[in-house]
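Engineer: Input file: protein_5.cif. Contents: mmCIF, C-alpha atoms and all ligand atoms.
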```cif
data_upload
#
loop_
_atom_site.label_atom_id
_atom_site.label_comp_id
_atom_site.auth_asym_id
_atom_site.auth_seq_id
_atom_site.Cartn_x
_atom_site.Cartn_y
_atom_site.Cartn_z
CA MET A 43 -29.07 82.46 57.22
CA ASP A 44 -30.20 79.78 59.58
CA SER A 45 -30.03 81.01 63.17
CA GLU A 46 -28.31 77.78 64.17
CA HIS A 47 -25.22 79.11 62.42
CA SER A 48 -25.56 82.72 63.41
CA TRP A 49 -22.58 84.45 64.88
CA SER A 50 -21.97 85.53 68.39
CA SER A 51 -18.74 86.74 69.92
CA PRO A 52 -16.17 83.97 70.25
CA GLN A 53 -15.50 82.48 73.65
CA ALA A 54 -12.81 84.26 75.61
CA GLY A 55 -9.61 82.55 76.62
CA HIS A 56 -8.63 81.00 73.32
CA ALA A 57 -5.83 81.82 70.97
CA GLY A 58 -7.78 83.02 67.95
CA THR A 59 -7.30 86.64 66.99
CA LEU A 60 -10.24 88.61 65.65
CA SER A 61 -9.73 90.33 62.35
CA PRO A 62 -9.79 94.10 62.65
CA SER A 63 -11.32 94.34 59.20
CA ALA A 64 -15.00 94.17 58.41
CA GLY A 65 -16.71 90.91 57.65
CA THR A 66 -15.73 89.06 54.52
CA GLY A 67 -18.21 86.22 54.25
CA PRO A 68 -21.67 86.24 52.75
CA THR A 69 -23.11 86.74 56.21
CA GLY A 70 -20.55 89.34 57.28
CA GLN A 71 -18.71 86.94 59.57
CA ARG A 72 -15.40 88.09 60.96
CA PRO A 73 -12.69 85.48 60.64
CA VAL A 74 -10.98 84.22 63.78
CA TYR A 75 -7.44 83.55 62.61
CA LEU A 76 -5.19 80.70 63.68
CA PRO A 77 -2.37 81.19 66.21
CA GLU A 78 0.68 82.78 64.55
CA GLY A 79 3.23 80.30 65.91
CA ALA A 80 3.93 76.77 64.67
CA HIS A 81 1.17 74.36 65.66
CA ARG A 82 -0.41 71.09 64.59
CA ARG A 83 -3.98 70.79 63.43
CA VAL A 84 -5.76 67.62 64.46
CA LYS A 85 -9.13 66.42 63.20
CA ILE A 86 -11.77 64.71 65.35
CA LEU A 87 -15.09 63.54 63.94
CA VAL A 88 -18.32 64.07 65.86
CA ALA A 89 -20.65 61.57 64.24
CA GLY A 90 -24.24 60.49 64.60
CA HIS A 91 -27.69 60.62 63.11
CA LEU A 92 -29.74 63.76 62.56
CA GLY A 93 -30.86 65.44 65.78
CA VAL A 94 -28.53 63.50 68.09
CA GLY A 95 -26.61 66.61 69.19
CA LYS A 96 -23.59 66.94 66.86
CA THR A 97 -23.97 70.66 66.22
CA THR A 98 -24.70 71.25 69.91
CA ALA A 99 -21.53 69.43 71.03
CA ILE A 100 -19.39 71.26 68.47
CA ARG A 101 -20.83 74.62 69.45
CA THR A 102 -20.21 73.86 73.11
CA LEU A 103 -16.55 73.04 72.47
CA SER A 104 -15.64 75.48 69.70
CA GLU A 105 -13.78 78.75 70.21
CA ILE A 106 -15.14 80.03 66.90
CA PRO A 107 -18.81 80.34 66.02
CA THR A 108 -19.72 77.05 64.35
CA LEU A 109 -19.04 77.13 60.62
CA HIS A 110 -21.00 75.27 58.01
CA THR A 111 -19.97 73.90 54.63
CA GLU A 112 -21.89 72.09 51.99
CA GLU A 113 -20.27 69.54 49.77
CA VAL A 114 -21.78 68.41 46.53
CA MET A 115 -21.34 64.68 46.19
CA THR A 116 -21.73 63.20 42.75
CA ASP A 117 -21.67 59.49 43.00
CA ALA A 118 -23.69 56.51 41.92
CA ALA A 119 -23.58 55.12 45.45
CA ALA A 120 -25.41 58.18 46.65
CA ALA A 121 -28.34 57.31 44.46
CA THR A 122 -28.87 53.71 45.49
CA ASP A 123 -31.45 54.57 48.10
CA ASP A 124 -33.33 56.90 45.79
CA LEU A 125 -34.78 54.68 43.11
CA SER A 126 -37.03 57.43 41.83
CA LEU A 127 -34.01 59.02 40.21
CA VAL A 128 -32.66 55.93 38.51
CA GLY A 129 -33.18 56.26 34.77
CA LEU A 130 -33.91 59.96 35.03
CA ARG A 131 -30.29 60.92 35.32
CA ASN A 132 -26.99 59.12 35.01
CA LYS A 133 -25.68 60.66 38.16
CA THR A 134 -27.29 62.02 41.25
CA THR A 135 -25.90 64.88 43.22
CA THR A 136 -26.41 64.96 46.95
CA THR A 137 -25.55 67.89 49.15
CA VAL A 138 -23.88 66.93 52.39
CA ALA A 139 -23.74 69.51 55.14
CA ILE A 140 -20.86 69.52 57.60
CA ASP A 141 -20.71 71.76 60.64
CA PHE A 142 -17.36 72.25 62.20
CA GLY A 143 -15.68 74.06 65.04
CA ARG A 144 -12.19 74.71 66.33
CA LEU A 145 -10.57 74.35 69.73
CA THR A 146 -7.04 75.61 70.43
CA LEU A 147 -5.45 73.74 73.32
CA PRO A 148 -3.58 75.72 76.00
CA GLY A 149 -0.10 76.65 74.78
CA ASP A 150 -1.23 77.13 71.16
CA LYS A 151 0.70 74.09 69.92
CA ILE A 152 -2.34 72.03 68.93
CA VAL A 153 -5.55 73.16 67.28
CA LEU A 154 -8.38 70.64 67.24
CA TYR A 155 -10.97 70.66 64.49
CA LEU A 156 -14.32 69.03 65.21
CA TYR A 157 -16.16 67.83 62.11
CA GLY A 158 -19.85 67.10 62.48
CA THR A 159 -20.27 64.10 60.25
CA PRO A 160 -23.60 62.70 59.07
CA GLY A 161 -23.96 59.02 59.76
CA GLN A 162 -25.53 57.55 56.64
CA ARG A 163 -23.87 55.01 54.42
CA ARG A 164 -24.91 56.90 51.31
CA PHE A 165 -22.32 59.49 52.29
CA LEU A 166 -19.57 56.86 52.11
CA PRO A 167 -17.52 58.70 49.45
CA LEU A 168 -17.36 61.63 51.82
CA TRP A 169 -16.47 59.44 54.77
CA LYS A 170 -13.39 58.04 53.08
CA GLY A 171 -11.78 61.46 52.80
CA ILE A 172 -13.03 62.82 56.06
CA ALA A 173 -11.91 59.90 58.21
CA LEU A 174 -8.39 59.97 56.82
CA GLY A 175 -5.93 61.33 59.34
CA ALA A 176 -8.51 61.83 62.11
CA LEU A 177 -7.55 61.11 65.71
CA GLY A 178 -10.85 59.29 66.06
CA ALA A 179 -14.60 59.71 66.16
CA LEU A 180 -16.95 60.61 68.97
CA VAL A 181 -20.21 58.81 68.21
CA LEU A 182 -23.22 60.50 69.76
CA VAL A 183 -26.10 58.20 70.62
CA ASP A 184 -29.71 58.87 71.56
CA THR A 185 -31.18 56.04 73.65
CA ARG A 186 -34.65 56.69 72.20
CA ARG A 187 -33.32 55.66 68.77
CA LEU A 188 -30.44 53.27 69.35
CA ASP A 189 -30.88 51.47 66.03
CA ALA A 190 -30.35 54.79 64.21
CA SER A 191 -26.74 54.70 65.43
CA PHE A 192 -25.80 51.27 64.06
CA GLU A 193 -25.11 52.55 60.56
CA VAL A 194 -22.60 55.18 61.67
CA MET A 195 -20.87 52.77 64.07
CA ASP A 196 -20.50 50.25 61.23
CA LEU A 197 -19.03 52.91 58.93
CA ILE A 198 -16.47 53.91 61.54
CA GLU A 199 -15.51 50.34 62.39
CA GLU A 200 -15.03 49.57 58.68
CA ARG A 201 -12.62 52.49 58.44
CA GLY A 202 -10.72 51.18 61.48
CA LEU A 203 -11.09 54.55 63.15
CA PRO A 204 -10.90 54.51 66.96
CA TYR A 205 -14.14 55.75 68.50
CA ALA A 206 -15.87 56.42 71.77
CA VAL A 207 -19.62 56.48 72.32
CA ALA A 208 -21.28 59.36 74.15
CA VAL A 209 -24.90 58.94 75.18
CA ASN A 210 -26.82 62.20 75.10
CA VAL A 211 -29.66 62.09 77.58
CA PHE A 212 -32.90 63.77 76.54
CA PRO A 213 -35.79 64.48 78.93
CA ASP A 214 -37.82 61.49 77.67
CA SER A 215 -34.88 59.07 77.23
CA PRO A 216 -35.37 55.58 78.66
CA ASP A 217 -33.18 55.08 81.69
CA TYR A 218 -30.77 52.31 80.65
CA SER A 219 -27.67 51.52 82.65
CA LEU A 220 -24.36 51.81 80.78
CA GLU A 221 -23.93 47.99 80.94
CA ILE A 222 -27.26 47.43 79.24
CA LEU A 223 -26.40 50.08 76.62
CA ARG A 224 -23.03 48.47 76.00
CA ALA A 225 -24.80 45.19 75.28
CA LYS A 226 -27.50 46.78 73.15
CA LEU A 227 -24.87 48.63 71.08
CA ASP A 228 -22.68 45.52 70.93
CA LEU A 229 -19.56 47.49 71.84
CA ALA A 230 -16.09 45.99 72.12
CA PRO A 231 -15.00 45.75 75.76
CA ASP A 232 -12.39 48.50 75.34
CA THR A 233 -14.67 51.00 73.53
CA PRO A 234 -15.34 53.89 75.89
CA LEU A 235 -19.00 54.52 76.67
CA VAL A 236 -19.90 57.68 78.57
CA GLN A 237 -22.96 59.69 79.35
CA CYS A 238 -22.75 63.23 77.98
CA ASP A 239 -24.70 66.44 77.95
CA ALA A 240 -23.66 68.06 74.69
CA ARG A 241 -24.73 71.45 76.05
CA GLN A 242 -22.18 71.27 78.87
CA THR A 243 -18.50 72.08 78.30
CA ASN A 244 -17.00 69.75 80.91
CA SER A 245 -19.24 66.89 79.89
CA SER A 246 -18.32 67.31 76.21
CA LEU A 247 -14.62 67.71 77.04
CA ASN A 248 -14.78 64.54 79.10
CA ALA A 249 -16.13 62.63 76.10
CA LEU A 250 -13.20 63.87 73.97
CA ILE A 251 -10.80 62.90 76.76
CA GLU A 252 -12.18 59.34 76.76
CA LEU A 253 -11.84 59.18 72.98
CA THR A 254 -8.27 60.49 72.99
CA ALA A 255 -7.18 58.08 75.72
CA HIS A 256 -8.66 55.23 73.68
CA SER A 257 -6.92 56.39 70.48
CA ILE A 258 -3.62 56.48 72.37
CA ALA A 259 -4.18 52.91 73.56
CA ARG A 260 -4.82 51.86 69.96
CA ALA A 261 -1.90 53.82 68.43
CA GLY A 262 0.08 51.81 65.92
CA GLU A 263 -2.86 49.69 64.77
CA LYS A 264 -3.69 49.75 61.08
CA THR A 265 -6.60 51.71 59.70
CA SER A 266 -8.01 51.70 56.20
CA MET B 230 3.41 74.73 31.50
CA SER B 231 2.34 78.04 30.01
CA ARG B 232 -1.00 79.53 30.89
CA GLY B 233 -0.78 82.50 28.55
CA GLN B 234 -3.66 84.93 28.85
CA GLU B 235 -6.20 82.19 29.09
CA GLN B 236 -9.07 82.81 31.46
CA ARG B 237 -8.87 80.49 34.41
CA ARG B 238 -12.04 78.86 35.54
CA LEU B 239 -13.10 77.48 38.87
CA LEU B 240 -14.22 73.92 39.04
CA PRO B 241 -18.02 74.12 38.82
CA ALA B 242 -19.65 72.79 41.96
CA TYR B 243 -21.45 70.07 40.01
CA LEU B 244 -18.12 68.59 38.96
CA ALA B 245 -16.88 68.35 42.51
CA THR B 246 -16.06 64.79 43.49
CA GLY B 247 -17.01 65.31 47.09
CA THR B 248 -14.50 62.86 48.47
CA GLY B 249 -14.09 65.18 51.45
CA GLY B 250 -10.38 65.33 50.80
CA ALA B 251 -8.01 66.65 48.23
CA PRO B 252 -7.95 65.49 44.61
CA ILE B 253 -5.44 62.71 43.98
CA GLY B 254 -1.92 64.07 43.93
CA SER B 255 -2.97 67.27 45.65
CA THR B 256 -0.83 68.73 48.40
CA ILE B 257 -3.79 70.63 49.84
CA ASP B 258 -5.89 69.05 52.57
CA THR B 259 -8.99 70.43 54.32
CA LEU B 260 -6.72 71.32 57.26
CA THR B 261 -3.93 72.93 55.23
CA ALA B 262 -3.56 76.49 56.56
CA LEU B 263 -3.15 79.33 54.09
CA ARG B 264 -2.10 82.95 54.28
CA ALA B 265 -1.75 85.72 51.71
CA THR B 266 1.80 86.50 50.61
CA GLY B 267 1.14 90.02 49.33
CA ILE B 268 1.83 89.06 45.71
CA PRO B 269 -0.88 90.79 43.65
CA LEU B 270 -3.54 88.85 41.79
CA ALA B 271 -3.20 88.42 38.04
CA PRO B 272 -5.79 89.59 35.50
CA TYR B 273 -6.94 86.01 34.92
CA HIS B 274 -7.96 85.53 38.57
CA THR B 275 -11.67 85.62 39.34
CA SER B 276 -13.64 87.34 42.08
CA VAL B 277 -13.57 84.09 44.05
CA HIS B 278 -9.76 84.11 44.00
CA GLN B 279 -9.91 87.71 45.16
CA ARG B 280 -12.26 86.97 48.06
CA VAL B 281 -10.03 84.12 49.23
CA VAL B 282 -6.89 86.30 49.13
CA GLU B 283 -8.64 89.18 50.94
CA LEU B 284 -9.84 86.83 53.66
CA LEU B 285 -6.26 85.66 54.23
CA GLU B 286 -4.58 89.08 54.36
CA GLY B 287 -5.07 89.38 58.12
CA GLY B 288 -3.97 85.90 59.17
CA SER B 289 -4.07 82.16 58.47
CA LEU B 290 -7.10 79.93 58.10
CA THR B 291 -7.61 76.34 56.96
CA VAL B 292 -9.28 75.42 53.67
CA MET B 293 -12.26 74.19 55.71
CA GLU B 294 -12.66 77.59 57.35
CA ILE B 295 -12.18 79.48 54.07
CA ALA B 296 -14.99 77.42 52.56
CA GLY B 297 -17.16 78.07 55.62
CA TYR B 298 -16.62 81.85 55.65
CA LEU B 299 -17.04 82.30 51.90
CA GLY B 300 -19.86 79.79 51.40
CA LEU B 301 -17.90 77.60 48.98
CA PRO B 302 -18.00 73.80 48.72
CA VAL B 303 -14.82 72.42 50.33
CA SER B 304 -13.72 70.84 47.05
CA VAL B 305 -13.87 74.24 45.33
CA GLY B 306 -11.90 75.75 48.23
CA ILE B 307 -9.20 73.13 47.64
CA VAL B 308 -8.99 73.86 43.92
CA VAL B 309 -8.85 77.64 44.42
CA ALA B 310 -6.23 77.31 47.18
CA GLU B 311 -4.13 75.08 44.98
CA GLN B 312 -4.25 77.59 42.10
CA LEU B 313 -3.32 80.50 44.37
CA VAL B 314 -0.43 78.61 45.98
CA THR B 315 0.89 77.71 42.50
CA ASP B 316 0.47 81.32 41.37
CA GLY B 317 2.16 82.71 44.50
CA GLN B 318 -0.63 84.69 46.18
CA LEU B 319 -1.01 82.19 49.03
CA LYS B 320 1.44 80.26 51.15
CA GLY B 321 0.30 76.94 52.60
CA SER B 322 1.34 74.94 55.65
CA ALA B 323 0.53 71.28 56.21
CA PRO B 324 -1.58 70.27 59.26
CA VAL B 325 1.36 68.28 60.61
CA ALA B 326 4.81 69.32 59.46
CA ASP B 327 6.46 65.89 59.61
CA ALA B 328 5.17 63.44 56.99
CA ALA B 329 7.18 60.54 58.43
CA GLU B 330 5.49 61.05 61.77
CA VAL B 331 2.08 60.88 60.10
CA ALA B 332 2.93 57.66 58.27
CA ALA B 333 4.07 56.05 61.54
CA ASN B 334 0.54 55.76 62.93
CA ALA B 335 -1.54 54.86 59.87
CA ASN B 336 -2.19 58.54 59.06
CA ARG B 337 -3.47 59.20 62.54
CA PRO B 338 -1.65 61.67 64.81
CA SER B 339 1.38 60.17 66.54
CA LYS B 340 1.09 58.84 70.08
CA GLU B 341 3.13 61.82 71.31
CA VAL B 342 0.75 64.31 69.69
CA MET B 343 -2.28 62.48 71.10
CA GLU B 344 -0.71 62.60 74.58
CA GLU B 345 -0.43 66.35 74.14
CA VAL B 346 -4.08 66.49 73.05
CA LEU B 347 -5.06 64.54 76.16
CA SER B 348 -3.25 66.82 78.58
CA GLY B 349 -4.51 69.90 76.75
CA LEU B 350 -8.12 68.73 77.00
CA ARG B 351 -7.68 67.92 80.70
CA ALA B 352 -6.30 71.41 81.27
CA LEU B 353 -9.49 72.89 79.81
CA LEU B 354 -11.76 71.17 82.35
CA VAL B 355 -13.17 73.66 84.80
N1 LIG C 1 -31.25 67.20 76.71
C1 LIG C 1 -30.32 67.30 75.76
N2 LIG C 1 -30.63 67.89 74.58
C2 LIG C 1 -29.66 67.95 73.62
C3 LIG C 1 -28.37 67.39 73.82
N3 LIG C 1 -27.65 67.56 72.69
C4 LIG C 1 -28.46 68.21 71.83
N4 LIG C 1 -29.66 68.45 72.38
C5 LIG C 1 -30.80 69.10 71.70
O1 LIG C 1 -31.22 68.27 70.63
C6 LIG C 1 -31.57 69.03 69.48
C7 LIG C 1 -30.79 68.58 68.24
O2 LIG C 1 -29.41 68.83 68.43
P1 LIG C 1 -28.41 69.15 67.22
O3 LIG C 1 -27.10 69.52 67.85
O4 LIG C 1 -28.97 70.17 66.28
O5 LIG C 1 -28.31 67.75 66.47
P2 LIG C 1 -27.51 67.34 65.13
O6 LIG C 1 -28.55 67.16 64.07
O7 LIG C 1 -26.83 66.05 65.44
O8 LIG C 1 -26.53 68.43 64.81
C8 LIG C 1 -31.32 70.49 69.86
O9 LIG C 1 -32.55 71.06 70.20
C9 LIG C 1 -30.41 70.41 71.06
O10 LIG C 1 -30.58 71.50 71.94
C10 LIG C 1 -28.08 66.78 75.09
O11 LIG C 1 -26.99 66.28 75.35
N5 LIG C 1 -29.10 66.76 76.01
MG MG C 2 -26.42 69.56 63.00
#
```
Can the structure from this file be put into structure tokens for me?
Structural biologist:
Amino acid sequence: MDSEHSWSSPQAGHAGTLSPSAGTGPTGQRPVYLPEGAHRRVKILVAGHLGVGKTTAIRTLSEIPTLHTEEVMTDAAAATDDLSLVGLRNKTTTTVAIDFGRLTLPGDKIVLYLYGTPGQRRFLPLWKGIALGALGALVLVDTRRLDASFEVMDLIEERGLPYAVAVNVFPDSPDYSLEILRAKLDLAPDTPLVQCDARQTNSSLNALIELTAHSIARAGEKTS
Amino acid sequence: MSRGQEQRRLLPAYLATGTGGAPIGSTIDTLTALRATGIPLAPYHTSVHQRVVELLEGGSLTVMEIAGYLGLPVSVGIVVAEQLVTDGQLKGSAPVADAAEVAANANRPSKEVMEEVLSGLRALLV
């Protein structure tokens, strides 16, 4: 098993209860069960290109060790960027990996699920299902590769999903002001744009706070 | 519909549609929570059914988490959960209890729920 998804003890202070039984998964992971009382489960997407910090942000925020699923996608659209396969097979299968984490809010009435969502258009069939019902998307951006974020921002805008942009700063990132970044990313005036260190809890929480406030402001608008 | 003694099969992974959500007409969503009821498995259930039920004997988890713990594609987790709810070994609960409330904000959480999310997140700041 990839060490990125290895298990450590869950963060203290959250509602999850550790199973007393031995591990049940292929890697011997102990399940952290949901709160017993009535609660709502709310989905938030953490989107962006490979290496932008999705898994890091989810791990920082999650009360459970980050989980990982793989979805097999069988779809013609998935094959359009892989011409080598055309004619060899009628259908192409693509495996899409999703990391996710869980965050129970104080009071145990709401449990947030953070879905790390890959940003490529070829995963569109997956996006349709995954975006449905989400509170919104936090788009992570790396200023060294701004153009790599356009595809995911387009996908989210097409779905009508409210989103906020969090700029992860890496040691060799160019030092753009937020105004310049807003122009370069061509953001709507009301789209939140924040700087974020995905390794820091408060910084990552603050990005979710900006997203949630924006989703509230947009409540009632239609999405597709 | 009668199943008789027929062996039940899981949906092979290569047939999964990978829409990231439930099959059309399904009541199970990736965030549906499930818990074992204590009703024993039937002879036609497979070892995958058994692992899912065992995982859910100690508490509730969502389909997404079940898939993550057991190393199953999410679409297979949905199919297995659906079978076990139909057969009685699992009980499911929807992510948000009130369907009318969901419909009111284009499938997104209601404004009231999002306000609760906002204050909850603020309370977590240290
Ligand atoms: N400096 C800095 N490094 C980060 C930040 N977020 C992620 N990283 C690093 O960037 C690398 C890729 O992050 P990862 O979360 O795996 O990206 P993913 O592919 O989007 O899931 C890792 O080595 C992280 O430690 C950040 O906000 N600041
Ligand atoms: Mg990752």
Engineer: Neighbours of ligand MG 2 (chain C) at 10 Å or closer, counting all atoms listed in the file: which residues, as a ChimeraX atom specification?
Structural biologist: /A:46-47,89-101,110,139-142,158-160
Engineer: As an exercise, work out the distance from atom CA of Thr254 of chain A to atom CA of Gly149 of chain A in Å and give it to one decimal place.
Structural biologist: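 Distance reported for this atom pair: 18.2 Å.
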Engineer: Would you mind reading off the distance between atom CA of Tyr273 of chain B and atom CA of Val292 of chain B, one decimal, in Å?
Structural biologist: 21.7 Å
Engineer: Counting all atoms listed in the file, find residues at most 10 Å from (-7.7, 89.5, 48.1) (file frame) and give them as a list of chain:residue names.
Structural biologist: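 Using all atoms listed in the file, the matching residues come out as B:Ala265, B:Gly267, B:Ile268, B:Pro269, B:Leu270, B:Ser276, B:Val277, B:His278, B:Gln279, B:Arg280, B:Val281, B:Val282, B:Glu283, B:Leu284, B:Leu285, B:Glu286, B:Gln318, B:Leu319.
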Engineer: Report the distance between atom O2 of ligand LIG 1 (chain C) and atom CA of Thr185 of chain A in Å, rounded to one decimal place.
Structural biologist: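 Interatomic distance, atom O2 of ligand LIG 1 (chain C) to atom CA of Thr185 of chain A: 13.9 Å.
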Engineer: Which residue gives the smallest distance to chain A among B:Val346, B:Leu313, B:Ala271, B:Ile257, with all atoms listed in the file counted?
Structural biologist: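 When distances to chain A are compared using all atoms listed in the file, the smallest one comes from B:Val346.
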Engineer: Tell me which protein, DNA and RNA residues are within 12 Å of segment 321-326 of chain B, counting only C-alpha atoms, leaving out same-chain ones fewer than 2 positions away, and put them as a PyMOL selection string.
Structural biologist: (chain A and resi 76+78-85+151-155+175-176) or (chain B and resi 255-266+285+288-293+307+310-315+317-319+328-332+336-339+342)
